[in-house]
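J.: Have a look at this one before I ask anything.
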Amino acid sequence: MSNGSIAEATWFGPLVGVAILVLGGVCFWLHSQLRAIKTRWRDLLEGRRGEDIERLLYDHLRSRVELEEQVTRLTQRTAELEAKMLRTKRFVGVVRYDAFEDVAGSQSFALAIYDDLGNGAIVNSLVGRADCRVYCKSLAGGKSDRSLTREELEAMERAQKQDIAKAASG
């Protein structure tokens, strides 16, 4: 061996030693990182309380499908109820009056009952001294096929005002 190769061998050994130490440190750091990743992965898959992420996701998906079905049913039911509400006789107007001069106390009345489409009836009760008469007129689209008295028209107006008041408050 020559002097040059001995000098090269003297600095090459410590350089290889430093490289081994650096590589050992990198390996140790990578090992600790891998252990941390494995621990997080195990926690993710198995859960801290032993639940399985696959099971959790399956349960969540099943719950979501059930909720979507329930929302669909509720939407359909709401549409059905809204359609029924259009035909519900919910607007009512009453006018009490004296039909005859010889009978006081406003015992006669006109009662208007109809739905959102204006379909319903007007009931008119005329109370006299000797008798009581009751008449009924049908309403279709807010109109009657028979002429309406002043009291019957006022009962319809009161029902309309009730409708407007409900809309304003609701």
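Scheme for the structure tokens: letters A, B, ... for chains in order shown; per-chain residue numbers from 1; ligand numbers from 1 in order shown.
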Quick one: everything within 8 Å of segment 146-163 of chain A, counting only C-alpha atoms, minus sequence neighbours fewer than 4 positions away in the same chain. Send it as a VMD selection string.

T.: chain A and resid 91 to 95 97 109 to 113 122 124 137 167

J.: Please extract the residues of chain A with a backbone DSSP assignment of strand (DSSP E or B) and present them as a PyMOL selection string.

T.: chain A and resi 91-97+108-114+120-127+132-140+143-144

J.: So that I can see what lies close to Cys132 of chain A, please list as number ranges by chain the residues with an atom at most 12 Å from it, counting only C-alpha atoms and leaving out residues fewer than 2 positions away in the same chain.

T.: A: 99-100, 103, 107-109, 124-130, 134-135

J.: Could you tell me how far atom CA of Thr10 of chain A lies from atom CA of Val26 of chain A, in Å and to one decimal?

T.: 25.2 Å

J.: Mind listing the helix (DSSP H, G or I) residues of segment 1-127 of chain A, per DSSP on the backbone, as an NGL selection string?

T.: :A and (3-46 or 53-86)

J.: Taking C-alpha atoms for each residue, export the selection above as an mmCIF file, in the first residue's frame.

T.:
```cif
data_model
loop_
_atom_site.group_PDB
_atom_site.id
_atom_site.type_symbol
_atom_site.label_atom_id
_atom_site.label_comp_id
_atom_site.auth_asym_id
_atom_site.auth_seq_id
_atom_site.Cartn_x
_atom_site.Cartn_y
_atom_site.Cartn_z
ATOM 1 C CA ASN A 3 1.103 6.494 1.510
ATOM 2 C CA GLY A 4 -1.830 7.956 -0.452
ATOM 3 C CA SER A 5 -3.969 4.917 0.046
ATOM 4 C CA ILE A 6 -3.192 4.851 3.789
ATOM 5 C CA ALA A 7 -4.220 8.496 4.091
ATOM 6 C CA GLU A 8 -7.404 7.752 2.202
ATOM 7 C CA ALA A 9 -8.141 4.798 4.472
ATOM 8 C CA THR A 10 -7.646 6.934 7.599
ATOM 9 C CA TRP A 11 -10.324 9.511 6.699
ATOM 10 C CA PHE A 12 -12.576 6.987 4.903
ATOM 11 C CA GLY A 13 -13.230 4.944 8.077
ATOM 12 C CA PRO A 14 -14.473 7.870 10.173
ATOM 13 C CA LEU A 15 -16.572 9.098 7.208
ATOM 14 C CA VAL A 16 -18.232 5.689 6.923
ATOM 15 C CA GLY A 17 -18.780 5.688 10.703
ATOM 16 C CA VAL A 18 -20.474 9.121 10.566
ATOM 17 C CA ALA A 19 -22.595 7.974 7.623
ATOM 18 C CA ILE A 20 -23.625 4.865 9.562
ATOM 19 C CA LEU A 21 -24.561 7.018 12.581
ATOM 20 C CA VAL A 22 -26.578 9.417 10.394
ATOM 21 C CA LEU A 23 -28.315 6.539 8.602
ATOM 22 C CA GLY A 24 -29.005 4.884 11.972
ATOM 23 C CA GLY A 25 -30.565 8.125 13.235
ATOM 24 C CA VAL A 26 -32.703 8.430 10.089
ATOM 25 C CA CYS A 27 -33.757 4.794 10.464
ATOM 26 C CA PHE A 28 -34.678 5.383 14.105
ATOM 27 C CA TRP A 29 -36.689 8.502 13.183
ATOM 28 C CA LEU A 30 -38.442 6.655 10.329
ATOM 29 C CA HIS A 31 -39.205 3.758 12.670
ATOM 30 C CA SER A 32 -40.803 6.089 15.237
ATOM 31 C CA GLN A 33 -42.832 7.786 12.465
ATOM 32 C CA LEU A 34 -43.990 4.397 11.189
ATOM 33 C CA ARG A 35 -45.046 3.328 14.701
ATOM 34 C CA ALA A 36 -47.045 6.547 15.106
ATOM 35 C CA ILE A 37 -48.750 5.994 11.736
ATOM 36 C CA LYS A 38 -49.513 2.369 12.617
ATOM 37 C CA THR A 39 -50.998 3.451 15.950
ATOM 38 C CA ARG A 40 -53.211 6.075 14.263
ATOM 39 C CA TRP A 41 -54.239 3.585 11.565
ATOM 40 C CA ARG A 42 -55.142 0.963 14.161
ATOM 41 C CA ASP A 43 -57.139 3.559 16.126
ATOM 42 C CA LEU A 44 -58.883 4.546 12.917
ATOM 43 C CA LEU A 45 -59.742 0.989 11.913
ATOM 44 C CA GLU A 46 -60.474 -0.421 15.354
ATOM 45 C CA ILE A 53 -64.620 1.912 11.311
ATOM 46 C CA GLU A 54 -66.184 -0.295 8.663
ATOM 47 C CA ARG A 55 -69.047 -1.052 11.031
ATOM 48 C CA LEU A 56 -69.375 2.620 11.957
ATOM 49 C CA LEU A 57 -69.506 3.654 8.302
ATOM 50 C CA TYR A 58 -72.032 0.921 7.506
ATOM 51 C CA ASP A 59 -74.251 1.996 10.426
ATOM 52 C CA HIS A 60 -73.970 5.623 9.342
ATOM 53 C CA LEU A 61 -74.882 4.760 5.743
ATOM 54 C CA ARG A 62 -77.859 2.666 6.867
ATOM 55 C CA SER A 63 -79.024 5.474 9.154
ATOM 56 C CA ARG A 64 -78.711 8.000 6.341
ATOM 57 C CA VAL A 65 -80.720 5.822 3.939
ATOM 58 C CA GLU A 66 -83.438 5.429 6.586
ATOM 59 C CA LEU A 67 -83.515 9.200 7.130
ATOM 60 C CA GLU A 68 -83.755 9.865 3.394
ATOM 61 C CA GLU A 69 -86.675 7.424 3.144
ATOM 62 C CA GLN A 70 -88.354 9.122 6.097
ATOM 63 C CA VAL A 71 -87.891 12.567 4.539
ATOM 64 C CA THR A 72 -89.384 11.264 1.285
ATOM 65 C CA ARG A 73 -92.407 9.874 3.151
ATOM 66 C CA LEU A 74 -92.830 13.142 5.088
ATOM 67 C CA THR A 75 -92.593 15.175 1.886
ATOM 68 C CA GLN A 76 -95.293 13.033 0.279
ATOM 69 C CA ARG A 77 -97.477 13.265 3.385
ATOM 70 C CA THR A 78 -97.052 17.040 3.508
ATOM 71 C CA ALA A 79 -98.126 17.327 -0.129
ATOM 72 C CA GLU A 80 -101.199 15.184 0.599
ATOM 73 C CA LEU A 81 -102.120 17.299 3.626
ATOM 74 C CA GLU A 82 -101.654 20.543 1.689
ATOM 75 C CA ALA A 83 -103.971 19.231 -1.035
ATOM 76 C CA LYS A 84 -106.557 18.273 1.598
ATOM 77 C CA MET A 85 -106.262 21.680 3.266
ATOM 78 C CA LEU A 86 -107.461 23.336 0.064
#
```
